[in-house]
Structures are given as C-alpha cells and as structure tokens.
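With TSV, C-alpha atoms inside, this is final-v8.tsv:
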```
chain	number	residue	atom	x	y	z
A	1	MET	CA	1.17	-20.95	22.83
A	2	THR	CA	-0.14	-24.40	21.89
A	3	PHE	CA	-3.19	-25.29	19.81
A	4	ALA	CA	-5.46	-28.28	19.75
A	5	ARG	CA	-5.33	-30.02	16.40
A	6	PRO	CA	-8.98	-29.19	15.43
A	7	LEU	CA	-8.39	-25.48	15.96
A	8	LEU	CA	-5.13	-25.49	14.03
A	9	CYS	CA	-6.75	-27.40	11.16
A	10	ALA	CA	-9.57	-24.88	11.09
A	11	ILE	CA	-7.10	-22.00	10.91
A	12	LEU	CA	-5.21	-23.68	8.08
A	13	PHE	CA	-8.46	-24.18	6.19
A	14	LEU	CA	-9.40	-20.51	6.61
A	15	ALA	CA	-5.97	-19.42	5.43
A	16	ALA	CA	-6.34	-21.52	2.29
A	17	ALA	CA	-9.84	-20.17	1.63
A	18	ALA	CA	-8.99	-16.48	2.04
A	19	THR	CA	-7.89	-14.06	-0.66
A	20	THR	CA	-4.18	-14.09	-1.52
A	21	ARG	CA	-2.21	-12.13	-4.11
A	22	ALA	CA	1.55	-12.26	-4.62
A	23	ALA	CA	3.17	-9.04	-5.83
A	24	ASP	CA	6.88	-8.69	-6.68
A	25	ASN	CA	8.11	-10.76	-3.72
A	26	GLY	CA	5.44	-9.19	-1.51
A	27	LEU	CA	2.07	-10.58	-0.50
A	28	GLU	CA	-1.53	-9.48	0.01
A	29	PHE	CA	-3.89	-11.73	1.96
A	30	SER	CA	-7.22	-11.08	3.64
A	31	HIS	CA	-9.86	-12.95	5.57
A	32	SER	CA	-12.99	-11.52	7.17
A	33	ASP	CA	-12.06	-8.34	9.10
A	34	TRP	CA	-8.29	-8.76	8.85
A	35	GLN	CA	-5.72	-8.32	6.11
A	36	LEU	CA	-2.00	-8.92	5.66
A	37	VAL	CA	0.27	-6.91	3.38
A	38	CYS	CA	3.97	-7.80	3.10
A	39	ASP	CA	6.45	-5.86	1.01
A	40	ASN	CA	9.43	-6.92	-1.10
A	41	THR	CA	11.79	-6.71	1.91
A	42	HIS	CA	9.46	-9.18	3.68
A	43	THR	CA	8.34	-6.69	6.31
A	44	CYS	CA	4.73	-7.63	7.09
A	45	ARG	CA	1.85	-5.51	8.32
A	46	ALA	CA	-1.35	-7.11	9.59
A	47	ALA	CA	-4.33	-4.81	10.02
A	48	GLY	CA	-7.57	-5.60	11.81
A	49	TYR	CA	-10.77	-3.60	11.78
A	50	ALA	CA	-14.18	-3.29	13.35
A	51	PRO	CA	-16.87	-5.72	12.22
A	52	GLU	CA	-18.10	-4.63	8.80
A	53	GLY	CA	-21.30	-2.59	8.91
A	54	GLY	CA	-20.68	-0.86	12.22
A	55	GLU	CA	-20.58	2.93	12.37
A	56	ASP	CA	-17.66	3.40	14.77
A	57	GLY	CA	-14.68	1.12	14.96
A	58	ALA	CA	-11.01	0.77	15.74
A	59	SER	CA	-8.17	-0.53	13.61
A	60	VAL	CA	-4.96	-2.08	14.85
A	61	LEU	CA	-1.73	-2.42	12.88
A	62	LEU	CA	0.76	-5.17	13.72
A	63	THR	CA	4.14	-4.61	12.05
A	64	ARG	CA	6.96	-7.15	12.02
A	65	ASP	CA	10.26	-6.97	10.15
A	66	ALA	CA	11.69	-10.12	8.60
A	67	GLY	CA	14.47	-12.02	10.32
A	68	PRO	CA	15.00	-13.93	13.56
A	69	GLY	CA	14.07	-12.42	16.91
A	70	GLN	CA	12.02	-9.53	15.53
A	71	PRO	CA	9.32	-8.04	17.78
A	72	VAL	CA	5.75	-7.25	16.79
A	73	ASN	CA	5.01	-3.52	17.02
A	74	ALA	CA	1.37	-2.62	17.53
A	75	GLU	CA	-0.50	0.65	17.18
A	76	LEU	CA	-4.17	1.47	17.12
A	77	GLN	CA	-6.46	4.15	15.70
A	78	VAL	CA	-10.13	4.88	16.15
A	79	SER	CA	-12.47	6.09	13.41
A	80	ASP	CA	-12.96	9.54	14.88
A	81	THR	CA	-11.78	12.72	13.17
A	82	ASP	CA	-11.49	14.42	16.60
A	83	GLU	CA	-8.28	12.43	17.23
A	84	PRO	CA	-8.84	11.65	20.93
A	85	ALA	CA	-5.79	11.93	23.19
A	86	ALA	CA	-4.05	8.64	23.95
A	87	ALA	CA	-4.47	9.11	27.70
A	88	ASP	CA	-8.27	9.20	27.25
A	89	LEU	CA	-8.37	5.87	25.39
A	90	HIS	CA	-8.19	2.50	27.14
A	91	LEU	CA	-7.89	-0.96	25.58
A	92	HIS	CA	-10.43	-3.50	26.86
A	93	ILE	CA	-10.27	-7.26	26.26
A	94	ASP	CA	-13.02	-9.56	27.53
A	95	GLY	CA	-14.13	-6.98	30.08
A	96	ARG	CA	-10.64	-6.27	31.41
A	97	ASP	CA	-9.22	-2.73	31.23
A	98	LEU	CA	-5.61	-2.98	30.01
A	99	GLY	CA	-4.84	0.69	30.55
A	100	ALA	CA	-4.38	3.81	28.47
A	101	LEU	CA	-2.92	3.68	25.00
A	102	GLY	CA	0.47	5.21	24.26
A	103	ALA	CA	1.29	7.91	21.75
A	104	ASP	CA	3.45	8.32	18.65
A	105	GLY	CA	3.08	5.07	16.77
A	106	GLU	CA	5.15	4.78	13.58
A	107	GLN	CA	2.12	5.59	11.43
A	108	GLY	CA	0.46	8.17	13.64
A	109	GLY	CA	-1.62	5.78	15.70
A	110	HIS	CA	-1.48	5.17	19.44
A	111	ALA	CA	1.30	2.77	20.35
A	112	LEU	CA	0.50	-0.29	22.45
A	113	SER	CA	2.79	-1.29	25.31
A	114	ARG	CA	4.50	-4.67	25.28
A	115	ALA	CA	1.96	-5.96	27.81
A	116	GLN	CA	-0.99	-4.65	25.80
A	117	SER	CA	0.44	-6.10	22.58
A	118	GLY	CA	0.94	-9.51	24.17
A	119	ALA	CA	-2.58	-9.58	25.57
A	120	LEU	CA	-4.01	-8.51	22.23
A	121	LEU	CA	-2.09	-11.16	20.27
A	122	ALA	CA	-3.32	-13.84	22.64
A	123	ALA	CA	-6.91	-12.56	22.41
A	124	LEU	CA	-6.85	-12.55	18.62
A	125	LEU	CA	-6.28	-16.30	18.58
A	126	ARG	CA	-9.45	-17.08	20.47
A	127	ASP	CA	-13.03	-15.81	20.46
A	128	SER	CA	-12.64	-12.47	22.26
A	129	ARG	CA	-14.43	-9.19	22.86
A	130	ILE	CA	-12.08	-6.30	22.10
A	131	HIS	CA	-12.83	-2.60	22.15
A	132	VAL	CA	-11.32	0.80	22.88
A	133	ALA	CA	-13.18	3.03	25.33
A	134	HIS	CA	-12.98	6.78	25.85
A	135	ARG	CA	-13.40	8.17	29.34
A	136	ASP	CA	-16.54	9.99	28.14
A	137	GLY	CA	-18.23	6.66	27.37
A	138	ARG	CA	-17.59	6.37	23.64
A	139	ARG	CA	-16.31	3.01	22.43
A	140	TRP	CA	-14.88	1.55	19.24
A	141	GLU	CA	-15.03	-2.17	18.47
A	142	LEU	CA	-12.22	-4.31	17.06
A	143	SER	CA	-12.98	-7.65	15.42
A	144	ASP	CA	-10.94	-10.81	15.94
A	145	GLN	CA	-12.58	-12.52	12.94
A	146	GLY	CA	-9.89	-13.56	10.45
A	147	ALA	CA	-6.98	-12.64	12.72
A	148	ALA	CA	-5.75	-16.20	13.31
A	149	ALA	CA	-5.62	-16.98	9.58
A	150	VAL	CA	-3.83	-13.71	8.84
A	151	LEU	CA	-1.23	-14.17	11.59
A	152	LEU	CA	-0.60	-17.74	10.46
A	153	LYS	CA	-0.02	-16.47	6.93
A	154	MET	CA	2.42	-13.87	8.29
A	155	ASP	CA	4.38	-16.62	10.07
A	156	GLU	CA	4.42	-18.70	6.90
A	157	PHE	CA	5.54	-15.85	4.62
A	158	GLN	CA	8.37	-14.84	6.96
A	159	GLY	CA	9.50	-18.45	7.47
A	160	ARG	CA	8.64	-18.56	11.19
A	161	LEU	CA	6.42	-21.66	11.32
A	162	ASP	CA	7.41	-24.06	14.11
A	163	THR	CA	9.90	-21.60	15.67
A	164	PRO	CA	9.62	-20.10	19.18
A	165	GLY	CA	8.92	-16.70	17.61
A	166	ALA	CA	5.90	-17.83	15.58
A	167	LEU	CA	2.63	-16.12	16.45
A	168	VAL	CA	0.40	-19.12	15.77
A	169	ARG	CA	2.18	-22.43	15.12
A	170	ARG	CA	5.06	-22.35	17.57
A	171	GLY	CA	7.67	-25.07	17.79
A	172	THR	CA	11.28	-25.84	18.55
A	173	ARG	CA	12.84	-25.18	15.15
A	174	SER	CA	15.77	-22.81	15.64
A	175	GLU	CA	15.01	-19.11	15.49
A	176	ALA	CA	18.25	-18.75	13.51
A	177	SER	CA	16.57	-20.61	10.65
A	178	VAL	CA	14.21	-17.67	10.02
A	179	PRO	CA	15.26	-15.98	6.73
A	180	PRO	CA	16.76	-12.49	7.01
A	181	PRO	CA	15.09	-9.46	5.44
A	182	LEU	CA	15.66	-8.74	1.78
A	183	PRO	CA	17.43	-5.45	1.01
A	184	ALA	CA	15.35	-2.68	-0.54
A	185	PRO	CA	16.50	-2.15	-4.15
A	186	VAL	CA	17.84	1.28	-5.11
A	187	VAL	CA	16.79	3.38	-8.10
A	188	ARG	CA	18.91	6.39	-9.00
A	189	ARG	CA	16.99	9.32	-10.50
A	190	PRO	CA	19.02	11.61	-12.77
A	191	PRO	CA	18.35	15.34	-13.03
A	192	MET	CA	15.74	16.27	-15.64
A	193	SER	CA	16.78	18.29	-18.67
A	194	PRO	CA	15.25	21.77	-19.14
A	195	PRO	CA	12.65	22.29	-21.91
A	196	HIS	CA	13.90	22.53	-25.49
A	197	PRO	CA	12.71	25.25	-27.90
A	198	GLY	CA	10.83	22.70	-30.02
A	199	ASP	CA	8.87	21.10	-27.18
A	200	ASP	CA	5.75	23.29	-27.71
A	201	ALA	CA	5.59	22.25	-31.36
A	202	LEU	CA	6.11	18.63	-30.33
A	203	ALA	CA	3.09	18.85	-28.04
A	204	ARG	CA	0.92	19.75	-31.05
A	205	SER	CA	2.41	17.22	-33.46
A	206	PRO	CA	-0.24	15.10	-35.26
A	207	GLU	CA	2.44	12.52	-35.95
A	208	LEU	CA	3.24	12.15	-32.25
A	209	ARG	CA	-0.45	11.83	-31.44
A	210	ALA	CA	-0.83	9.10	-34.06
A	211	ALA	CA	2.18	7.26	-32.65
A	212	LEU	CA	0.67	7.34	-29.16
A	213	ARG	CA	-2.68	6.16	-30.47
A	214	ALA	CA	-1.02	3.17	-32.11
A	215	THR	CA	0.08	1.87	-28.70
A	216	LEU	CA	-3.53	1.55	-27.48
A	217	ASP	CA	-4.42	-1.64	-29.37
A	218	GLY	CA	-6.91	-0.06	-31.73
A	219	ALA	CA	-9.89	0.34	-29.38
A	220	SER	CA	-8.37	2.79	-26.86
A	221	GLY	CA	-8.84	0.20	-24.11
A	222	ASP	CA	-8.60	2.03	-20.80
A	223	CYS	CA	-7.80	5.34	-22.54
A	224	GLU	CA	-11.15	6.15	-24.15
A	225	ARG	CA	-10.72	9.90	-23.59
A	226	PHE	CA	-7.77	9.94	-26.00
A	227	ASP	CA	-10.10	10.00	-29.01
A	228	GLU	CA	-12.24	12.73	-27.41
A	229	LEU	CA	-9.42	15.28	-27.36
A	230	PRO	CA	-9.87	18.16	-29.82
A	231	ALA	CA	-7.48	17.90	-32.73
A	232	ASP	CA	-5.83	21.20	-31.79
A	233	ALA	CA	-5.50	20.38	-28.06
A	234	PRO	CA	-1.81	20.07	-27.10
A	235	LEU	CA	-0.41	17.03	-25.37
A	236	GLN	CA	1.58	17.54	-22.18
A	237	VAL	CA	5.29	17.22	-22.91
A	238	ASP	CA	7.94	17.15	-20.18
A	239	ARG	CA	11.59	16.91	-21.03
A	240	LEU	CA	13.52	13.92	-19.64
A	241	ASP	CA	16.88	14.30	-21.34
A	242	ASP	CA	18.31	15.73	-24.56
A	243	HIS	CA	16.57	13.14	-26.74
A	244	ARG	CA	13.54	11.82	-24.82
A	245	VAL	CA	10.35	13.31	-23.41
A	246	LEU	CA	7.45	12.21	-21.24
A	247	VAL	CA	4.13	12.73	-23.00
A	248	SER	CA	0.82	12.62	-21.15
A	249	THR	CA	-2.87	13.07	-21.85
A	250	PRO	CA	-6.17	12.33	-20.01
A	251	CYS	CA	-7.23	8.72	-20.50
A	252	TRP	CA	-10.33	7.91	-18.48
A	253	LEU	CA	-12.83	9.39	-16.04
A	254	ALA	CA	-14.94	7.40	-13.57
A	255	ALA	CA	-17.38	8.36	-10.82
A	256	TYR	CA	-14.67	9.40	-8.34
A	257	ASN	CA	-11.37	8.57	-10.06
A	258	ALA	CA	-9.51	9.62	-13.19
A	259	GLY	CA	-6.39	8.43	-14.97
A	260	SER	CA	-3.96	9.84	-17.48
A	261	GLY	CA	-1.70	8.06	-19.93
A	262	TYR	CA	2.06	8.57	-19.75
A	263	TRP	CA	4.48	7.60	-22.52
A	264	VAL	CA	8.24	7.86	-22.91
A	265	ALA	CA	8.95	8.98	-26.48
A	266	ASP	CA	11.84	10.10	-28.62
A	267	ASP	CA	11.63	13.80	-29.44
A	268	HIS	CA	11.74	13.16	-33.19
A	269	ALA	CA	9.88	10.94	-35.64
A	270	PRO	CA	9.05	8.09	-35.58
A	271	PHE	CA	8.93	8.86	-31.79
A	272	LEU	CA	8.70	5.17	-30.73
A	273	PRO	CA	6.48	5.84	-27.69
A	274	ARG	CA	6.52	3.34	-24.82
A	275	LEU	CA	3.43	3.35	-22.59
A	276	VAL	CA	4.18	3.50	-18.86
A	277	THR	CA	0.64	3.58	-17.43
A	278	THR	CA	-2.87	4.80	-18.14
A	279	ASP	CA	-3.62	5.23	-14.41
A	280	GLY	CA	-1.36	8.19	-13.62
A	281	THR	CA	-2.67	11.18	-11.69
A	282	ASP	CA	0.43	13.37	-11.29
A	283	TYR	CA	3.98	13.91	-12.51
A	284	ASP	CA	6.87	15.76	-10.91
A	285	ALA	CA	10.63	15.76	-11.54
A	286	GLY	CA	10.98	12.27	-12.96
A	287	GLN	CA	8.25	10.57	-10.96
A	288	ILE	CA	4.75	9.55	-12.08
A	289	SER	CA	2.20	8.95	-9.34
A	290	ALA	CA	-1.21	7.30	-9.28
A	291	ASP	CA	-3.66	7.83	-6.42
A	292	HIS	CA	-7.14	6.31	-6.50
A	293	LYS	CA	-10.04	5.96	-4.09
A	294	GLY	CA	-11.46	2.56	-3.33
A	295	ARG	CA	-14.90	4.15	-3.07
A	296	GLY	CA	-16.41	7.63	-3.15
A	297	LEU	CA	-16.28	8.09	0.61
A	298	GLY	CA	-12.49	8.23	0.38
A	299	ASP	CA	-11.93	5.87	3.31
A	300	CYS	CA	-9.57	3.63	1.33
A	301	TRP	CA	-6.91	4.51	-1.24
A	302	SER	CA	-4.25	2.93	-3.42
A	303	HIS	CA	-1.00	4.57	-4.49
A	304	ALA	CA	1.78	3.77	-6.96
A	305	ASP	CA	4.91	5.55	-8.20
A	306	TRP	CA	7.10	5.06	-11.26
A	307	THR	CA	10.53	6.74	-11.26
A	308	TRP	CA	12.77	7.62	-14.21
A	309	ASP	CA	16.16	5.90	-13.90
A	310	GLY	CA	17.66	7.42	-17.03
A	311	ALA	CA	16.39	4.64	-19.30
A	312	HIS	CA	12.92	3.62	-18.10
A	313	PHE	CA	10.19	4.49	-15.63
A	314	VAL	CA	10.40	1.69	-13.09
A	315	PRO	CA	7.90	0.94	-10.28
A	316	THR	CA	9.28	2.32	-7.02
A	317	SER	CA	6.32	2.40	-4.64
A	318	GLU	CA	3.03	0.62	-4.21
A	319	TYR	CA	0.79	0.76	-1.17
A	320	GLN	CA	-2.82	0.81	-0.02
A	321	SER	CA	-4.48	2.38	3.00
A	322	GLY	CA	-6.34	-0.73	4.14
A	323	MET	CA	-9.94	-1.89	4.09
A	324	CYS	CA	-12.78	0.57	3.44
A	325	ARG	CA	-14.04	0.91	7.00
A	326	GLY	CA	-15.19	4.52	7.38
A	327	MET	CA	-11.93	6.32	8.22
A	328	PRO	CA	-11.44	9.38	5.95
A	329	GLY	CA	-8.18	8.90	4.06
A	330	GLY	CA	-7.88	5.32	5.28
A	331	PHE	CA	-6.23	3.99	8.41
A	332	TRP	CA	-2.73	2.90	7.40
A	333	VAL	CA	0.03	2.80	4.77
A	334	LEU	CA	0.40	-0.86	3.76
A	335	PRO	CA	3.17	-1.20	1.14
A	336	THR	CA	3.83	-4.13	-1.14
A	337	LEU	CA	6.76	-2.42	-2.88
A	338	ASP	CA	9.56	-0.56	-1.12
A	339	ILE	CA	12.28	0.90	-3.35
A	340	GLU	CA	14.82	3.50	-2.24
A	341	VAL	CA	15.02	6.43	-4.67
A	342	LEU	CA	18.27	8.38	-4.70
A	343	ASP	CA	18.73	11.60	-6.66
A	344	GLN	CA	21.91	11.80	-8.69
A	345	ALA	CA	23.82	15.05	-8.44
A	346	THR	CA	23.67	17.35	-11.41
A	347	ALA	CA	26.72	16.82	-13.60
A	348	GLY	CA	29.29	19.61	-13.62
```

In structure tokens, how does this file's structure come out?
Amino acid sequence: MTFARPLLCAILFLAAAATTRAADNGLEFSHSDWQLVCDNTHTCRAAGYAPEGGEDGASVLLTRDAGPGQPVNAELQVSDTDEPAAADLHLHIDGRDLGALGADGEQGGHALSRAQSGALLAALLRDSRIHVAHRDGRRWELSDQGAAAVLLKMDEFQGRLDTPGALVRRGTRSEASVPPPLPAPVVRRPPMSPPHPGDDALARSPELRAALRATLDGASGDCERFDELPADAPLQVDRLDDHRVLVSTPCWLAAYNAGSGYWVADDHAPFLPRLVTTDGTDYDAGQISADHKGRGLGDCWSHADWTWDGAHFVPTSEYQSGMCRGMPGGFWVLPTLDIEVLDQATAG
C-alpha cells in the first residue's frame, strides 16, 4: 500500500503527538480511539474502540508477534453482555457486508478471516465507516480515528518500517532485517516454608511495626491507613523460608480501589524490611497481585504480579484491559510484561 507524502506526514505528526510510555522493553501508545501495547518480547497488540461517548460499540484487537513474516491476527468483540453468536454478527465496511464473524479468537472474541482482516486493515488507513451488525438490526460502531498512527508505531517498534510486511510505510527493505522476538525471561518460584511457631507473636511485634513504618518516609505517603491500625491489631505474616517472612497490612482506600503494603522482612530484629509495593490486593503461594479498576463502572482494569524467586519479589506480569469504553471487565488483556514463572520442585 502506498501513501501520498501529505498523508504520511500527517500520520507521523499524529504519532509524535500521541501518548507514549516505555515500560521494561515494552511500549504503551495511544491516539484518539486506538491504543498500542507491546510487551517485553516485542509482541504488539493494537486495540480500537467505538467513538468515545457512544452507548454501544465494538472493539477489535490486532495481535502481531515480533520477527519477519509474522501475520496480523484479528478478533472482535461487541459491548453486549448477551454474547451474540458469531454467525449472527457481520462486519460492514463502507456499506459493504464482509460476512459473518468467526469464533474462538485467542482472547475470547470473534476471529476475523484473512479476507476480513485485510479489508479492515486497509479501511483503517483511510476515512471509513466500520460497524458490526446483528441480524436482528442491532449495530456496534468501530472508530478508525487514531488507527493509522497506532499501526505506524507498531511497525516502528517491531522494526518493520520500509519492509514489505509493514502495515503503513511499506518499502523494499528486506523482511529478513526485521528483528526477531525477544525471549520471555524465566523466574523460578521455590516452595514456601510452613508457618513457624513464633509467627503469631511476630505479627503482633511493636518492633516489627516500627521497622515497617520507618520505610514509609515519615509521612506514610501512599500508606496512610498504616497509622490508623489499632495498636493491638496483628499484621499479616506469611512464611517465605526459614529466615524470612512476607508482612502485609492495609495501606489505602479510595472510592473503588484499595491497596495493601507488602514487605519482605527477616523474622528477627532488626527485621530489615524491604517494601515491595503498597498497591497489592492479594497474596498466594509466593505471588503478590494487584488488581485495580480504571473507574467505578469496572470497564477497564490494570493488573500486576510480583513473584518470589527465593531472594526477592520480582515483577512477573503487567497488563491492562484496554480503554474504558463500557464493556464490563474490559475488552482485552494487553500485557507490557510477560515473564514465565516455573515452580521449583520441593526438595527431598
């Protein structure tokens, strides 16, 4: 696909003006009704939504792995909790019916055929009218605003500019020059030790509480609930190994989110606590999780995990569910951090 210079310059300007955030070799970028999220392996996911402010809309997810010759996989959802059957939903572009959607996309959406995906990609790079229609007359809009800038940024991040496989700025540079994917790092999680007889007393230790408090920079920062705990209220203590524990306590409470503080500490004075996060919401078997709504409706979420590797809690997962566009639970899983967690066998 070729572009006139004025259009390409306009796309480049939009890409520069949009919101970008780098994250641990990944990338977050958004413009208008589209966003791009790439993870640390350089797999990229571009998500488009209905025009903001509409009541009913569709969202499409375009996923492309890093490396030469990789296809673009597309799937689509509609903001309807009835989950219409794929056979009842048809993709329409500029008044043309492109047929029924498929089923069983990788993230639970309706998969698009190769022909539908190609037509959609072409439509996103021009001013188009795109919607999904149900046979009963319902319809869900999909915006093309911001798509060109997002797809150009995907090409740039994956090193595809000026190659035949680029989505926007195609050229003759060899496809073999496209960088390969980066391997997902591995974190090995050891088995947790069982509780020790003194752990209950440790949970009520004033000295441990004082040591935790000293890590909060004097003013409690984002852990204001720490100072509201009754003096006789126990901390939560979970055993990590024979000498270290994970200590947690509520830290903050907002309109529709809450966060707890988690520290790794020695099980004896002076304890030497090391703060992991004040945004945690759950802990299980060596893994701290944090789940938070983007707004009270619960149509967008963020998630993060930290996993114990025997020495530290290291970040092992980070993703969001996409823009807040009226879909309960959010539309997609859009990771910026992909780490493989392997459980070590129990010794002996």

Please report as a Markdown table every residue of stretch 250-321 of chain A lying within 10 Å of stretch 174-188 of chain A, along with the nearest atom pair and their distance in Å (one decimal), using only C-alpha atoms.
```
| residue | atom | partner | partner_atom | distance |
| --- | --- | --- | --- | --- |
| A:Thr307 | CA | A:Val187 | CA | 7.8 |
| A:Trp308 | CA | A:Arg188 | CA | 8.1 |
| A:Asp309 | CA | A:Arg188 | CA | 5.6 |
| A:Gly310 | CA | A:Arg188 | CA | 8.2 |
| A:Val314 | CA | A:Val187 | CA | 8.3 |
| A:Pro315 | CA | A:Val187 | CA | 9.5 |
| A:Thr316 | CA | A:Val187 | CA | 7.7 |
```

* **Between atom CA of A:Gln344 and atom CA of A:Asp65, distance in Å (one decimal)** =>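 It comes out at 29.0 Å.
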
* Excluding stretch 282-284 of chain A and any residue of its chain fewer than 2 positions from it, enumerate the residues within 10 Å of it, using all atoms listed in the file, and give them as a PyMOL selection string. => chain A and resi 238+246+248+259-260+262+279-280+286-291+305-307

Write a file of the selected residues as a PDB file, keeping the file's coordinate frame, keeping C-alpha atoms.
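Okay, again_13.pdb is ready:
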```
ATOM      1  CA  ASP A 238       7.940  17.150 -20.180  1.00  0.00           C
ATOM      2  CA  LEU A 246       7.450  12.210 -21.240  1.00  0.00           C
ATOM      3  CA  SER A 248       0.820  12.620 -21.150  1.00  0.00           C
ATOM      4  CA  GLY A 259      -6.390   8.430 -14.970  1.00  0.00           C
ATOM      5  CA  SER A 260      -3.960   9.840 -17.480  1.00  0.00           C
ATOM      6  CA  TYR A 262       2.060   8.570 -19.750  1.00  0.00           C
ATOM      7  CA  ASP A 279      -3.620   5.230 -14.410  1.00  0.00           C
ATOM      8  CA  GLY A 280      -1.360   8.190 -13.620  1.00  0.00           C
ATOM      9  CA  GLY A 286      10.980  12.270 -12.960  1.00  0.00           C
ATOM     10  CA  GLN A 287       8.250  10.570 -10.960  1.00  0.00           C
ATOM     11  CA  ILE A 288       4.750   9.550 -12.080  1.00  0.00           C
ATOM     12  CA  SER A 289       2.200   8.950  -9.340  1.00  0.00           C
ATOM     13  CA  ALA A 290      -1.210   7.300  -9.280  1.00  0.00           C
ATOM     14  CA  ASP A 291      -3.660   7.830  -6.420  1.00  0.00           C
ATOM     15  CA  ASP A 305       4.910   5.550  -8.200  1.00  0.00           C
ATOM     16  CA  TRP A 306       7.100   5.060 -11.260  1.00  0.00           C
ATOM     17  CA  THR A 307      10.530   6.740 -11.260  1.00  0.00           C
TER      18      THR A 307
END
```

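Put simply, atom CA of A:Asp162 is 25.2 Å away from atom CA of A:Val60.
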
* Please provide the set of residues having any atom within 6 Å of A:Asp88, restricted to all atoms listed in the file, with same-chain residues fewer than 3 positions apart removed, written as a list in words. => Ala85, His134 and Arg135 of chain A

* To do: Counting only C-alpha atoms, figure out which residue out of A:Gly298, A:Gly105, A:Gly165, A:Gly146 gets nearest to A:Pro51.
  =>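 Among the listed residues, A:Gly146 lies closest to A:Pro51.
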
* Can you tell me how far atom CA of A:Arg239 sits from atom CA of A:Pro197, in Å to one decimal? ->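 A separation of 10.9 Å between them.
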
If the box runs along x, y and z of the file and leaves 3 Å on each side of stretch 84-96 of chain A, what are its centre and edge lengths in Å, one decimal, as lines of an AutoDock Vina configuration file?
```
center_x = -9.1
center_y = 1.2
center_z = 26.2
size_x = 16.1
size_y = 27.5
size_z = 16.5
```

Reconstructed N, CA, C and O atoms for stretch 43-57 of chain A, given as an mmCIF file, in the frame of the given file:
```cif
data_model
loop_
_atom_site.group_PDB
_atom_site.id
_atom_site.type_symbol
_atom_site.label_atom_id
_atom_site.label_comp_id
_atom_site.auth_asym_id
_atom_site.auth_seq_id
_atom_site.Cartn_x
_atom_site.Cartn_y
_atom_site.Cartn_z
ATOM 1 N N THR A 43 9.024 -7.285 5.176
ATOM 2 C CA THR A 43 8.340 -6.690 6.310
ATOM 3 C C THR A 43 6.844 -6.907 6.111
ATOM 4 O O THR A 43 6.322 -6.694 5.016
ATOM 5 N N CYS A 44 6.164 -7.349 7.175
ATOM 6 C CA CYS A 44 4.730 -7.630 7.090
ATOM 7 C C CYS A 44 3.947 -6.720 8.011
ATOM 8 O O CYS A 44 4.384 -6.407 9.124
ATOM 9 N N ARG A 45 2.762 -6.336 7.543
ATOM 10 C CA ARG A 45 1.850 -5.510 8.320
ATOM 11 C C ARG A 45 0.467 -6.159 8.291
ATOM 12 O O ARG A 45 -0.106 -6.326 7.216
ATOM 13 N N ALA A 46 -0.015 -6.526 9.462
ATOM 14 C CA ALA A 46 -1.350 -7.110 9.590
ATOM 15 C C ALA A 46 -2.269 -6.070 10.200
ATOM 16 O O ALA A 46 -1.948 -5.488 11.240
ATOM 17 N N ALA A 47 -3.390 -5.821 9.550
ATOM 18 C CA ALA A 47 -4.330 -4.810 10.020
ATOM 19 C C ALA A 47 -5.680 -5.452 10.281
ATOM 20 O O ALA A 47 -6.194 -6.216 9.468
ATOM 21 N N GLY A 48 -6.242 -5.130 11.448
ATOM 22 C CA GLY A 48 -7.570 -5.600 11.810
ATOM 23 C C GLY A 48 -8.507 -4.435 12.009
ATOM 24 O O GLY A 48 -8.072 -3.321 12.353
ATOM 25 N N TYR A 49 -9.784 -4.673 11.804
ATOM 26 C CA TYR A 49 -10.770 -3.600 11.780
ATOM 27 C C TYR A 49 -11.984 -3.967 12.627
ATOM 28 O O TYR A 49 -12.097 -5.061 13.157
ATOM 29 N N ALA A 50 -12.898 -3.027 12.702
ATOM 30 C CA ALA A 50 -14.180 -3.290 13.350
ATOM 31 C C ALA A 50 -15.004 -4.227 12.480
ATOM 32 O O ALA A 50 -14.759 -4.345 11.277
ATOM 33 N N PRO A 51 -15.982 -4.898 13.047
ATOM 34 C CA PRO A 51 -16.870 -5.720 12.220
ATOM 35 C C PRO A 51 -17.505 -4.862 11.121
ATOM 36 O O PRO A 51 -17.904 -3.718 11.360
ATOM 37 N N GLU A 52 -17.558 -5.398 9.925
ATOM 38 C CA GLU A 52 -18.100 -4.630 8.800
ATOM 39 C C GLU A 52 -19.573 -4.283 9.049
ATOM 40 O O GLU A 52 -20.341 -5.105 9.539
ATOM 41 N N GLY A 53 -19.930 -3.041 8.734
ATOM 42 C CA GLY A 53 -21.300 -2.590 8.910
ATOM 43 C C GLY A 53 -21.502 -1.722 10.118
ATOM 44 O O GLY A 53 -22.509 -1.011 10.212
ATOM 45 N N GLY A 54 -20.566 -1.721 11.059
ATOM 46 C CA GLY A 54 -20.680 -0.860 12.220
ATOM 47 C C GLY A 54 -20.327 0.580 11.873
ATOM 48 O O GLY A 54 -19.591 0.851 10.922
ATOM 49 N N GLU A 55 -20.838 1.528 12.650
ATOM 50 C CA GLU A 55 -20.580 2.930 12.370
ATOM 51 C C GLU A 55 -19.241 3.398 12.928
ATOM 52 O O GLU A 55 -18.543 4.189 12.308
ATOM 53 N N ASP A 56 -18.891 2.964 14.122
ATOM 54 C CA ASP A 56 -17.660 3.400 14.770
ATOM 55 C C ASP A 56 -16.812 2.192 15.091
ATOM 56 O O ASP A 56 -17.283 1.222 15.688
ATOM 57 N N GLY A 57 -15.548 2.264 14.712
ATOM 58 C CA GLY A 57 -14.680 1.120 14.960
ATOM 59 C C GLY A 57 -13.243 1.538 15.130
ATOM 60 O O GLY A 57 -12.853 2.681 14.874
#
```
